[in-house]
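Trainee: Can you read through this structure? Questions will come right after.
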Amino acid sequence: MEANILSMENITKVYPNGFVANKNVNFSIHEGEIHALVGENGAGKSTLMKMLFGSEKPDEGRILLHGKEVQIDNPTVAIGYGIGMVHQHFMLVPSLSVADNLVIGMEPKKNGLYDVARAEEIAREASEKYNLKVDPKARVVDLSVGLKQKVEILKALVRGAKILILDEPTAVLTPQETKELFVELKHLKNQGYTVVFISHKLNEVKELCDRITVLRAGRTIGVENVENVTEQDISRMMVGRDVRLDIDKEKAQAKDSVLRVSHINKVNALGKQVLKDVSFQIPRGVILGIAGVEGNGQSEISEIISGMDRSFEGEVEVNGKNAREMTVRQLRENGVAHISEDRMTYGIVGDGTIAENMISDRYYKKEFQKGLLLDEKKISDLAEDLIEKFNVKCDGKDQPIRMLSGGNMQKVVAAREFTSGADLIIANQPTRGIDIGASMFLRNKLVELRDHGAAVLLISADLSEVMEVSDRLIVMSNGRISAYFEDASEVTEEDMGLYMLGLKQMAPEEIRRASC
């Protein structure tokens with residue numbers, strides 16, 4: 001039996017509002033293994049890892065490192081114990097070089113000044129040692145998402161990390177970048193490093209990991225050797241029941257066009273052209289997916305169509321009306337619903353209740369008025385109905401939405417947008433960072449809306465999602481449409497990755513079909 005390099009025993013964490021994030025959780029890892037940590041949103045994964053990295057403190061329980069109890073009061077202490085964490089949202093300084101980012105806080109000096117040459121040498125040596133190839137002199141702002149992730153991993157390793165916690169590391173990577181990352185992680189494993197791999201992608205867990213710990217509702221459900229369990233087994237452990245892992249979808253029945261985007265060009269605040277002559281249209285009864293490595297224009301498309309950005313060239317028409325001439329509310333009245341990729345900034349009001357967030361797009365309408373006041377009973381009934389239909393796990397409609405897990409926040413946003421009666425649904429990263437059960441629920445809801453006559457624009461960094469849910473497919477690269485598929489099922493993930501990276505490009509006449 002292998003010895004544990006680290007154990008967390010009977011960990012309990014209760015927040016001041018009474019929410020129990022972890023209850024007597026046990027978690028242990030072996031030296032030199034890749035260990036998956038999975039569970040639904042709100043299962044306690046993030047809280048558990050925050051306590052391991054010193055961002056939170058447990059109320060009960062203890063942490064053992066090499067058999068000795070340790071107190072991890074903050075991330076600096078964690079790093080001192082050889083524990084590093086790569087967060088889903090990178091913590092790099094974009095204007096600095098790779099080398100500068102790697103040595104922040106431990107800058108080499110020469111004659112009392114920052115030694116740039118030594119910093120670059122440290123970066124080069126680390127890059128070679130760990131097989132994470134990246135140019136030390138490159139500015140972070142100019143790097144791809146995959147390279148930025150390598151810098152984050154190197155940053156932890158040069159600080160002495162022997163245990164590496166990776167939070168959703170493949171969420172924004174192409175298939176090629178994911179394969180490359182897995183090779184690099186296995187290389188680290190062979191060198192004796194230990195990796196904790198947090199992911200909702202069960203196929204990747206099966207491919208990469210040695211063992212798996214499943215959490216549900218703040219408790220440890222089980223620990224298994226990955227080779228002994230199927231994806232269905234894992235999902236059942238996560239949610240306590242069988243989960244359908246397929247999309248229930250008939251062939252699309254295209255009708256009249258709802259959205260027309262014509263020759264859109266966009267220059268951002270830094271003077272970079274982020275959209276280059278982009279044109280497409282979406283009929284009723286069709287889901288059009290947009291795939292691409294993040295930063296290739298997808299977010300700008302979403303913001304332009306939803307009315308959040310008006311500084312662009314070209315035309316956008318929704319239901320035959322010029323979108324540029326309408327306010328955000330007028331766009332909504334004209335049939336547009338929008339799930340933003342940044343739900344915390346644009347999707348919710350954190351201090352508002354669940355009910356307030358659910359009716360924030362319709363509170364002013366006559367049906368929710370009672371004289372000069374809001375019809376509280378009608379609002380309450382609607383909120384309770386949507387909480388049930390969208391399976392929002394909460395303490396009730398009056399709970400502040402900021403107290404929910406990310407996945408349940410997303411369900412509240414989806415409940416509002418999906419029940420708005422929209423003709424056009426803009427869904428930008430609708431299932432990012434949420435568990436398999438919630439993801440499948442929202443994906444099937446998009447198909448259901450399509451079948452009821454809505455046009456759906458699905459923007460997703462999850463290739464399996466965008467390929468399975470979409471009827472038609474656009475691939476973005478460097479601000480342009482690099483490929484268009486009338487039938488999303490006719491392309492492989494491998495080819496998608498090549499188009500996303502700009503290594504393949506369709507002929508202009510084939511791409512032009514997207515706007516016809």
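A note on labels: chains of the structure tokens are A, B, ... as shown, every chain counts residues from 1, and ligands are counted from 1 in their shown order.
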Can you list, as number ranges by chain, every protein, DNA or RNA residue that comes within 9 Å of stretch 328-333 of chain A when you count only C-alpha atoms, leaving out same-chain residues fewer than 4 positions away?
Mentor: A: 306-308, 318, 323, 337-338, 361, 420, 422
Trainee: Might you pull out every residue within 9 Å of A:Ile247, with only C-alpha atoms counted and same-chain residues fewer than 3 positions away left off, and present them as a PyMOL selection string?
Mentor: chain A and resi 244+440+443-444+447+468-469
Trainee: Next, dump the selected residues to file, keeping only N, CA, C and O atoms, as a CSV table (one decimal), in the first residue's frame.
Mentor:
chain,number,residue,atom,x,y,z
A,244,ARG,N,-28.2,11.3,-17.6
A,244,ARG,CA,-28.1,11.1,-19.0
A,244,ARG,C,-27.0,11.9,-19.6
A,244,ARG,O,-26.9,13.1,-19.3
A,440,MET,N,-25.8,19.2,-18.5
A,440,MET,CA,-26.7,18.5,-19.4
A,440,MET,C,-28.1,19.1,-19.3
A,440,MET,O,-28.8,19.1,-20.4
A,443,ARG,N,-27.9,22.3,-21.5
A,443,ARG,CA,-27.8,22.0,-22.9
A,443,ARG,C,-29.1,21.5,-23.5
A,443,ARG,O,-29.5,21.9,-24.6
A,444,ASN,N,-29.8,20.6,-22.8
A,444,ASN,CA,-31.1,20.1,-23.3
A,444,ASN,C,-32.1,21.3,-23.3
A,444,ASN,O,-33.0,21.3,-24.1
A,447,VAL,N,-31.7,23.1,-26.5
A,447,VAL,CA,-32.4,22.4,-27.6
A,447,VAL,C,-33.9,22.5,-27.6
A,447,VAL,O,-34.6,22.7,-28.6
A,468,GLU,N,-21.8,19.0,-29.9
A,468,GLU,CA,-23.0,18.2,-29.7
A,468,GLU,C,-24.3,19.0,-29.7
A,468,GLU,O,-25.3,18.5,-30.2
A,469,VAL,N,-24.2,20.2,-29.2
A,469,VAL,CA,-25.5,21.0,-29.0
A,469,VAL,C,-25.8,21.7,-30.3
A,469,VAL,O,-27.0,21.9,-30.7
Trainee: Pull the strand (DSSP E) assignments for stretch 181-310 of chain A out of DSSP run on the backbone, and list those residues as JSON, numbers by chain.
Mentor: {"A": [194, 195, 196, 197, 198, 211, 212, 213, 214, 215, 216, 219, 220, 221, 222, 223, 224, 225, 257, 258, 259, 260, 261, 262, 263, 264, 265, 266, 267, 273, 274, 275, 276, 277, 278, 279, 280, 281, 282, 283, 287, 288, 289, 290, 291]}
Trainee: Go through A:Met476, A:Met51, A:Ala438, A:Leu498 and flag the residue nearest A:Lys276, using only C-alpha atoms for the distances.
Mentor: A:Met476
Trainee: At a cut-off of 8 Å, can you tabulate as CSV every residue of stretch 312-402 of chain A near stretch 295-305 of chain A together with its closest atom pair and the distance in Å to one decimal, using only C-alpha atoms and ordering rows by chain then number?
Mentor:
residue,atom,partner,partner_atom,distance
A:Phe312,CA,A:Ile304,CA,7.8
A:Val316,CA,A:Ile305,CA,6.8
A:Ala323,CA,A:Ile305,CA,7.2
A:Ser340,CA,A:Ser302,CA,8.0
A:Glu341,CA,A:Ser299,CA,7.9
Trainee: Mind dumping the selected residues with N, CA and C atoms as a PDB file, in the first residue's frame?
Mentor:
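Output saved as out-v1.pdb:
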ATOM      1  N   PHE A 312     -18.459  49.645 -33.277  1.00  0.00           N
ATOM      2  CA  PHE A 312     -18.055  48.668 -34.292  1.00  0.00           C
ATOM      3  C   PHE A 312     -18.519  49.142 -35.655  1.00  0.00           C
ATOM      4  N   VAL A 316     -25.973  44.879 -37.556  1.00  0.00           N
ATOM      5  CA  VAL A 316     -26.591  43.770 -36.839  1.00  0.00           C
ATOM      6  C   VAL A 316     -28.096  43.986 -36.848  1.00  0.00           C
ATOM      7  N   ALA A 323     -30.052  46.676 -34.623  1.00  0.00           N
ATOM      8  CA  ALA A 323     -29.747  46.523 -33.197  1.00  0.00           C
ATOM      9  C   ALA A 323     -28.971  47.709 -32.640  1.00  0.00           C
ATOM     10  N   SER A 340     -24.372  36.066 -20.204  1.00  0.00           N
ATOM     11  CA  SER A 340     -23.015  36.592 -20.369  1.00  0.00           C
ATOM     12  C   SER A 340     -21.991  35.598 -19.852  1.00  0.00           C
ATOM     13  N   GLU A 341     -20.792  35.621 -20.448  1.00  0.00           N
ATOM     14  CA  GLU A 341     -19.723  34.762 -19.938  1.00  0.00           C
ATOM     15  C   GLU A 341     -19.276  35.209 -18.548  1.00  0.00           C
TER      16      GLU A 341
END
Trainee: Find the spatial neighbours of A:Glu494, counting only C-alpha atoms, within a cut-off of 12 Å - ignore same-chain residues fewer than 5 positions away - and output them as number ranges by chain.
Mentor: A: 174-179, 463-464, 467, 499-501, 503-504
Trainee: Emit the selected residues as a PDB file, in the first residue's frame, including N, CA, C and O atoms.
Mentor:
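Just written: part38.pdb:
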ATOM      1  N   THR A 174      -7.683  24.123 -26.555  1.00  0.00           N
ATOM      2  CA  THR A 174      -8.048  23.328 -27.729  1.00  0.00           C
ATOM      3  C   THR A 174      -7.681  21.872 -27.457  1.00  0.00           C
ATOM      4  O   THR A 174      -6.914  21.576 -26.532  1.00  0.00           O
ATOM      5  N   PRO A 175      -8.188  20.924 -28.274  1.00  0.00           N
ATOM      6  CA  PRO A 175      -7.799  19.521 -28.088  1.00  0.00           C
ATOM      7  C   PRO A 175      -6.288  19.327 -28.165  1.00  0.00           C
ATOM      8  O   PRO A 175      -5.715  18.548 -27.400  1.00  0.00           O
ATOM      9  N   GLN A 176      -5.635  20.065 -29.076  1.00  0.00           N
ATOM     10  CA  GLN A 176      -4.183  19.934 -29.208  1.00  0.00           C
ATOM     11  C   GLN A 176      -3.472  20.430 -27.950  1.00  0.00           C
ATOM     12  O   GLN A 176      -2.528  19.800 -27.464  1.00  0.00           O
ATOM     13  N   GLU A 177      -3.942  21.562 -27.412  1.00  0.00           N
ATOM     14  CA  GLU A 177      -3.329  22.112 -26.194  1.00  0.00           C
ATOM     15  C   GLU A 177      -3.591  21.200 -24.991  1.00  0.00           C
ATOM     16  O   GLU A 177      -2.734  21.051 -24.119  1.00  0.00           O
ATOM     17  N   THR A 178      -4.788  20.599 -24.950  1.00  0.00           N
ATOM     18  CA  THR A 178      -5.109  19.670 -23.858  1.00  0.00           C
ATOM     19  C   THR A 178      -4.195  18.462 -23.899  1.00  0.00           C
ATOM     20  O   THR A 178      -3.657  18.031 -22.873  1.00  0.00           O
ATOM     21  N   LYS A 179      -4.002  17.889 -25.097  1.00  0.00           N
ATOM     22  CA  LYS A 179      -3.102  16.733 -25.235  1.00  0.00           C
ATOM     23  C   LYS A 179      -1.685  17.089 -24.793  1.00  0.00           C
ATOM     24  O   LYS A 179      -1.012  16.316 -24.111  1.00  0.00           O
ATOM     25  N   LEU A 463     -15.385  22.165 -26.447  1.00  0.00           N
ATOM     26  CA  LEU A 463     -15.601  21.658 -27.803  1.00  0.00           C
ATOM     27  C   LEU A 463     -16.671  20.587 -27.866  1.00  0.00           C
ATOM     28  O   LEU A 463     -17.479  20.557 -28.799  1.00  0.00           O
ATOM     29  N   SER A 464     -16.685  19.687 -26.894  1.00  0.00           N
ATOM     30  CA  SER A 464     -17.710  18.644 -26.929  1.00  0.00           C
ATOM     31  C   SER A 464     -19.095  19.260 -26.833  1.00  0.00           C
ATOM     32  O   SER A 464     -20.034  18.826 -27.499  1.00  0.00           O
ATOM     33  N   MET A 467     -20.009  21.164 -30.182  1.00  0.00           N
ATOM     34  CA  MET A 467     -20.211  20.240 -31.294  1.00  0.00           C
ATOM     35  C   MET A 467     -21.476  19.400 -31.123  1.00  0.00           C
ATOM     36  O   MET A 467     -22.161  19.097 -32.087  1.00  0.00           O
ATOM     37  N   TYR A 499      -8.499  24.393 -37.018  1.00  0.00           N
ATOM     38  CA  TYR A 499      -9.119  25.650 -37.458  1.00  0.00           C
ATOM     39  C   TYR A 499      -9.020  26.722 -36.365  1.00  0.00           C
ATOM     40  O   TYR A 499      -8.789  27.902 -36.647  1.00  0.00           O
ATOM     41  N   MET A 500      -9.184  26.322 -35.111  1.00  0.00           N
ATOM     42  CA  MET A 500      -9.113  27.273 -33.996  1.00  0.00           C
ATOM     43  C   MET A 500      -7.719  27.872 -33.860  1.00  0.00           C
ATOM     44  O   MET A 500      -7.562  29.051 -33.545  1.00  0.00           O
ATOM     45  N   LEU A 501      -6.705  27.056 -34.086  1.00  0.00           N
ATOM     46  CA  LEU A 501      -5.318  27.514 -33.972  1.00  0.00           C
ATOM     47  C   LEU A 501      -4.843  28.239 -35.228  1.00  0.00           C
ATOM     48  O   LEU A 501      -3.716  28.741 -35.271  1.00  0.00           O
ATOM     49  N   LEU A 503      -4.312  26.830 -38.113  1.00  0.00           N
ATOM     50  CA  LEU A 503      -3.459  25.953 -38.932  1.00  0.00           C
ATOM     51  C   LEU A 503      -4.197  25.448 -40.165  1.00  0.00           C
ATOM     52  O   LEU A 503      -3.573  24.902 -41.081  1.00  0.00           O
ATOM     53  N   LYS A 504      -5.533  25.573 -40.164  1.00  0.00           N
ATOM     54  CA  LYS A 504      -6.340  25.278 -41.352  1.00  0.00           C
ATOM     55  C   LYS A 504      -7.292  26.444 -41.581  1.00  0.00           C
ATOM     56  O   LYS A 504      -7.693  27.126 -40.632  1.00  0.00           O
TER      57      LYS A 504
END
Trainee: Can you pull out the residues contacting A:Gly80? Cut-off 12 Å, using only C-alpha atoms, and skip same-chain residues under 5 positions away; I want them as a PyMOL selection string.
Mentor: chain A and resi 53-54+70-75+156-163
Trainee: Using only all heavy atoms, please write the residues we just selected to a file, as a compact mmCIF listing (two decimals), in the first residue's frame.
Mentor:
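And here is the file that came out, out-v6.txt:
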# COMPACT_ATOMS: atom_id res chain seq x y z
N PHE A 53 -4.65 25.22 0.37
CA PHE A 53 -3.74 26.26 -0.11
C PHE A 53 -3.65 27.46 0.85
O PHE A 53 -2.94 28.41 0.59
CB PHE A 53 -4.19 26.73 -1.50
CG PHE A 53 -3.18 27.59 -2.21
CD1 PHE A 53 -1.89 27.11 -2.45
CD2 PHE A 53 -3.50 28.86 -2.64
CE1 PHE A 53 -0.95 27.90 -3.11
CE2 PHE A 53 -2.57 29.65 -3.30
CZ PHE A 53 -1.29 29.17 -3.54
N GLY A 54 -4.40 27.39 1.96
CA GLY A 54 -4.29 28.43 2.97
C GLY A 54 -5.16 29.66 2.76
O GLY A 54 -5.04 30.64 3.49
N VAL A 70 0.24 19.85 10.05
CA VAL A 70 0.72 21.20 9.71
C VAL A 70 -0.45 22.19 9.79
O VAL A 70 -1.61 21.83 9.61
CB VAL A 70 1.34 21.24 8.29
CG1 VAL A 70 2.61 20.42 8.22
CG2 VAL A 70 0.33 20.76 7.23
N GLN A 71 -0.12 23.44 10.05
CA GLN A 71 -1.10 24.54 10.04
C GLN A 71 -0.81 25.40 8.82
O GLN A 71 0.29 25.96 8.70
CB GLN A 71 -0.97 25.39 11.32
CG GLN A 71 -1.25 24.64 12.61
CD GLN A 71 -2.70 24.22 12.73
OE1 GLN A 71 -3.61 24.91 12.27
NE2 GLN A 71 -2.92 23.05 13.34
N ILE A 72 -1.76 25.48 7.91
CA ILE A 72 -1.55 26.27 6.68
C ILE A 72 -2.42 27.52 6.79
O ILE A 72 -3.62 27.50 6.47
CB ILE A 72 -1.88 25.44 5.42
CG1 ILE A 72 -1.04 24.15 5.40
CG2 ILE A 72 -1.61 26.26 4.16
CD1 ILE A 72 -1.32 23.23 4.24
N ASP A 73 -1.82 28.60 7.27
CA ASP A 73 -2.59 29.81 7.58
C ASP A 73 -2.81 30.72 6.39
O ASP A 73 -3.70 31.57 6.40
CB ASP A 73 -1.89 30.59 8.70
CG ASP A 73 -1.85 29.81 10.00
OD1 ASP A 73 -2.86 29.14 10.30
OD2 ASP A 73 -0.83 29.85 10.70
N ASN A 74 -1.97 30.61 5.36
CA ASN A 74 -2.11 31.47 4.19
C ASN A 74 -1.35 30.83 3.02
O ASN A 74 -0.59 29.87 3.22
CB ASN A 74 -1.59 32.89 4.48
CG ASN A 74 -0.15 32.87 4.97
OD1 ASN A 74 0.75 32.41 4.27
ND2 ASN A 74 0.07 33.37 6.20
N PRO A 75 -1.54 31.34 1.79
CA PRO A 75 -0.88 30.74 0.62
C PRO A 75 0.64 30.75 0.71
O PRO A 75 1.30 29.85 0.16
CB PRO A 75 -1.39 31.59 -0.54
CG PRO A 75 -2.74 32.06 -0.09
CD PRO A 75 -2.58 32.32 1.37
N ALA A 156 4.44 28.22 -10.16
CA ALA A 156 4.31 27.40 -8.94
C ALA A 156 5.54 26.51 -8.75
O ALA A 156 6.05 26.37 -7.63
CB ALA A 156 3.05 26.55 -9.02
N LEU A 157 6.03 25.93 -9.84
CA LEU A 157 7.15 24.98 -9.73
C LEU A 157 8.45 25.66 -9.32
O LEU A 157 9.22 25.11 -8.52
CB LEU A 157 7.33 24.24 -11.06
CG LEU A 157 6.19 23.28 -11.44
CD1 LEU A 157 6.37 22.78 -12.86
CD2 LEU A 157 6.10 22.12 -10.46
N VAL A 158 8.73 26.87 -9.85
CA VAL A 158 9.98 27.54 -9.49
C VAL A 158 9.97 28.00 -8.04
O VAL A 158 11.02 28.31 -7.46
CB VAL A 158 10.30 28.73 -10.42
CG1 VAL A 158 10.50 28.28 -11.85
CG2 VAL A 158 9.25 29.82 -10.32
N ARG A 159 8.79 28.05 -7.44
CA ARG A 159 8.68 28.39 -6.01
C ARG A 159 8.76 27.15 -5.13
O ARG A 159 8.57 27.23 -3.92
CB ARG A 159 7.38 29.16 -5.76
CG ARG A 159 7.47 30.61 -6.19
CD ARG A 159 6.12 31.27 -6.37
NE ARG A 159 6.28 32.69 -6.67
CZ ARG A 159 6.70 33.17 -7.83
NH1 ARG A 159 7.00 32.34 -8.81
NH2 ARG A 159 6.85 34.47 -8.02
N GLY A 160 9.01 25.99 -5.75
CA GLY A 160 9.25 24.78 -4.97
C GLY A 160 8.06 23.88 -4.78
O GLY A 160 8.10 22.97 -3.94
N ALA A 161 7.00 24.08 -5.56
CA ALA A 161 5.81 23.23 -5.41
C ALA A 161 6.14 21.79 -5.80
O ALA A 161 6.72 21.54 -6.85
CB ALA A 161 4.67 23.76 -6.26
N LYS A 162 5.76 20.85 -4.93
CA LYS A 162 5.84 19.42 -5.24
C LYS A 162 4.44 18.82 -5.38
O LYS A 162 4.27 17.75 -5.94
CB LYS A 162 6.60 18.68 -4.14
CG LYS A 162 8.07 19.07 -4.03
CD LYS A 162 8.88 18.64 -5.22
CE LYS A 162 9.10 17.14 -5.27
NZ LYS A 162 9.97 16.73 -6.41
N ILE A 163 3.46 19.54 -4.81
CA ILE A 163 2.05 19.18 -4.97
C ILE A 163 1.39 20.32 -5.72
O ILE A 163 1.42 21.47 -5.28
CB ILE A 163 1.36 18.98 -3.60
CG1 ILE A 163 2.02 17.83 -2.84
CG2 ILE A 163 -0.13 18.72 -3.78
CD1 ILE A 163 1.54 17.71 -1.40
Trainee: Write down as a VMD selection string the residues of stretch 245-374 of chain A whose backbone DSSP state falls under alpha helix (DSSP H).
Mentor: chain A and resid 298 to 305 328 to 333 354 to 358
Trainee: Save out the residues we just selected, N, CA, C and O atoms, as a PDB file, in the first residue's frame.
Mentor:
ATOM      1  N   GLN A 298     -14.864  36.018 -30.081  1.00  0.00           N
ATOM      2  CA  GLN A 298     -16.181  35.498 -29.698  1.00  0.00           C
ATOM      3  C   GLN A 298     -16.897  36.410 -28.702  1.00  0.00           C
ATOM      4  O   GLN A 298     -18.090  36.679 -28.831  1.00  0.00           O
ATOM      5  N   SER A 299     -16.168  36.875 -27.683  1.00  0.00           N
ATOM      6  CA  SER A 299     -16.782  37.726 -26.658  1.00  0.00           C
ATOM      7  C   SER A 299     -17.270  39.036 -27.254  1.00  0.00           C
ATOM      8  O   SER A 299     -18.339  39.544 -26.893  1.00  0.00           O
ATOM      9  N   GLU A 300     -16.482  39.593 -28.182  1.00  0.00           N
ATOM     10  CA  GLU A 300     -16.883  40.851 -28.826  1.00  0.00           C
ATOM     11  C   GLU A 300     -18.168  40.671 -29.636  1.00  0.00           C
ATOM     12  O   GLU A 300     -19.034  41.554 -29.632  1.00  0.00           O
ATOM     13  N   ILE A 301     -18.301  39.521 -30.305  1.00  0.00           N
ATOM     14  CA  ILE A 301     -19.535  39.240 -31.046  1.00  0.00           C
ATOM     15  C   ILE A 301     -20.725  39.231 -30.102  1.00  0.00           C
ATOM     16  O   ILE A 301     -21.770  39.835 -30.363  1.00  0.00           O
ATOM     17  N   SER A 302     -20.583  38.553 -28.978  1.00  0.00           N
ATOM     18  CA  SER A 302     -21.652  38.468 -27.980  1.00  0.00           C
ATOM     19  C   SER A 302     -22.049  39.847 -27.475  1.00  0.00           C
ATOM     20  O   SER A 302     -23.234  40.181 -27.361  1.00  0.00           O
ATOM     21  N   GLU A 303     -21.052  40.684 -27.165  1.00  0.00           N
ATOM     22  CA  GLU A 303     -21.326  42.011 -26.613  1.00  0.00           C
ATOM     23  C   GLU A 303     -21.973  42.930 -27.649  1.00  0.00           C
ATOM     24  O   GLU A 303     -22.839  43.744 -27.317  1.00  0.00           O
ATOM     25  N   ILE A 304     -21.571  42.799 -28.912  1.00  0.00           N
ATOM     26  CA  ILE A 304     -22.152  43.629 -29.969  1.00  0.00           C
ATOM     27  C   ILE A 304     -23.622  43.272 -30.185  1.00  0.00           C
ATOM     28  O   ILE A 304     -24.493  44.142 -30.238  1.00  0.00           O
ATOM     29  N   ILE A 305     -23.923  41.978 -30.285  1.00  0.00           N
ATOM     30  CA  ILE A 305     -25.301  41.561 -30.564  1.00  0.00           C
ATOM     31  C   ILE A 305     -26.223  41.875 -29.381  1.00  0.00           C
ATOM     32  O   ILE A 305     -27.385  42.240 -29.572  1.00  0.00           O
ATOM     33  N   VAL A 328     -30.363  48.403 -24.578  1.00  0.00           N
ATOM     34  CA  VAL A 328     -30.373  47.006 -24.144  1.00  0.00           C
ATOM     35  C   VAL A 328     -31.801  46.571 -23.823  1.00  0.00           C
ATOM     36  O   VAL A 328     -32.227  45.477 -24.205  1.00  0.00           O
ATOM     37  N   ARG A 329     -32.574  47.442 -23.150  1.00  0.00           N
ATOM     38  CA  ARG A 329     -33.962  47.071 -22.841  1.00  0.00           C
ATOM     39  C   ARG A 329     -34.783  46.926 -24.112  1.00  0.00           C
ATOM     40  O   ARG A 329     -35.585  45.991 -24.242  1.00  0.00           O
ATOM     41  N   GLN A 330     -34.582  47.830 -25.075  1.00  0.00           N
ATOM     42  CA  GLN A 330     -35.320  47.730 -26.339  1.00  0.00           C
ATOM     43  C   GLN A 330     -34.955  46.452 -27.083  1.00  0.00           C
ATOM     44  O   GLN A 330     -35.821  45.818 -27.707  1.00  0.00           O
ATOM     45  N   LEU A 331     -33.682  46.065 -27.017  1.00  0.00           N
ATOM     46  CA  LEU A 331     -33.269  44.806 -27.634  1.00  0.00           C
ATOM     47  C   LEU A 331     -33.988  43.626 -26.982  1.00  0.00           C
ATOM     48  O   LEU A 331     -34.465  42.718 -27.665  1.00  0.00           O
ATOM     49  N   ARG A 332     -34.070  43.669 -25.670  1.00  0.00           N
ATOM     50  CA  ARG A 332     -34.784  42.597 -24.963  1.00  0.00           C
ATOM     51  C   ARG A 332     -36.254  42.589 -25.362  1.00  0.00           C
ATOM     52  O   ARG A 332     -36.846  41.525 -25.565  1.00  0.00           O
ATOM     53  N   GLU A 333     -36.853  43.760 -25.470  1.00  0.00           N
ATOM     54  CA  GLU A 333     -38.257  43.842 -25.891  1.00  0.00           C
ATOM     55  C   GLU A 333     -38.422  43.345 -27.329  1.00  0.00           C
ATOM     56  O   GLU A 333     -39.502  42.893 -27.720  1.00  0.00           O
ATOM     57  N   ILE A 354     -32.515  35.733  -4.845  1.00  0.00           N
ATOM     58  CA  ILE A 354     -32.742  34.887  -6.022  1.00  0.00           C
ATOM     59  C   ILE A 354     -33.966  35.388  -6.779  1.00  0.00           C
ATOM     60  O   ILE A 354     -33.942  35.515  -8.010  1.00  0.00           O
ATOM     61  N   ALA A 355     -35.037  35.688  -6.049  1.00  0.00           N
ATOM     62  CA  ALA A 355     -36.271  36.162  -6.693  1.00  0.00           C
ATOM     63  C   ALA A 355     -36.031  37.466  -7.431  1.00  0.00           C
ATOM     64  O   ALA A 355     -36.488  37.648  -8.573  1.00  0.00           O
ATOM     65  N   GLU A 356     -35.305  38.406  -6.820  1.00  0.00           N
ATOM     66  CA  GLU A 356     -35.034  39.693  -7.467  1.00  0.00           C
ATOM     67  C   GLU A 356     -34.228  39.504  -8.746  1.00  0.00           C
ATOM     68  O   GLU A 356     -34.476  40.180  -9.755  1.00  0.00           O
ATOM     69  N   ASN A 357     -33.263  38.595  -8.719  1.00  0.00           N
ATOM     70  CA  ASN A 357     -32.468  38.344  -9.916  1.00  0.00           C
ATOM     71  C   ASN A 357     -33.290  37.670 -11.010  1.00  0.00           C
ATOM     72  O   ASN A 357     -33.089  37.934 -12.196  1.00  0.00           O
ATOM     73  N   MET A 358     -34.236  36.833 -10.613  1.00  0.00           N
ATOM     74  CA  MET A 358     -35.053  36.132 -11.610  1.00  0.00           C
ATOM     75  C   MET A 358     -36.013  37.059 -12.345  1.00  0.00           C
ATOM     76  O   MET A 358     -36.393  36.779 -13.487  1.00  0.00           O
TER      77      MET A 358
END
Trainee: To one decimal place in Å, what is the distance between atom CA of A:Ser199 and atom CA of A:Ala78?
Mentor: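 Separation between atom CA of A:Ser199 and atom CA of A:Ala78: 21.8 Å.
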Trainee: Nearest to A:Met326 among A:Asp309, A:Leu48, A:Gln253, A:Ala126, with distances taken over only C-alpha atoms: which residue is it?
Mentor: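 Among the listed residues, the smallest separation from A:Met326 belongs to A:Asp309.
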Trainee: Smallest atom-to-atom distance to A:Thr345: which of A:Ala21, A:Leu404, A:Val413, A:Lys445, using only C-alpha atoms?
Mentor: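 The closest residue to A:Thr345 is A:Val413.
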Trainee: Name the closest residue to A:Ser482 among the candidates A:Pro430, A:Gly292, A:Gly396, A:Gly67; distances are taken between atoms, counting only C-alpha atoms.
Mentor: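 Closest to A:Ser482, using only C-alpha atoms: A:Gly292.
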Trainee: Which residues come within 8 Å of A:Leu96, counting only C-alpha atoms, excluding same-chain residues fewer than 6 positions away, as a PyMOL selection string?
Mentor: chain A and resi 139-141
Trainee: Compile the contact shell of A:Phe90 as a PyMOL selection string: residues with an atom at most 9 Å away, counting only C-alpha atoms, same-chain residues fewer than 4 positions apart removed.
Mentor: chain A and resi 86+148-149+152
Trainee: Using only C-alpha atoms, which of the listed residues (A:Ala507, A:Ile425, A:Ile348, A:Cys516) sits closest to A:Met409?
Mentor: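 Result for the nearest residue to A:Met409: A:Ile348.
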Trainee: Just want the 10 Å neighbourhood of A:Asn22, counted on only C-alpha atoms, with same-chain residues fewer than 5 positions away dropped. Output as a ChimeraX atom specification.
Mentor: /A:10-15,42-45,47-48,58-60,215-220
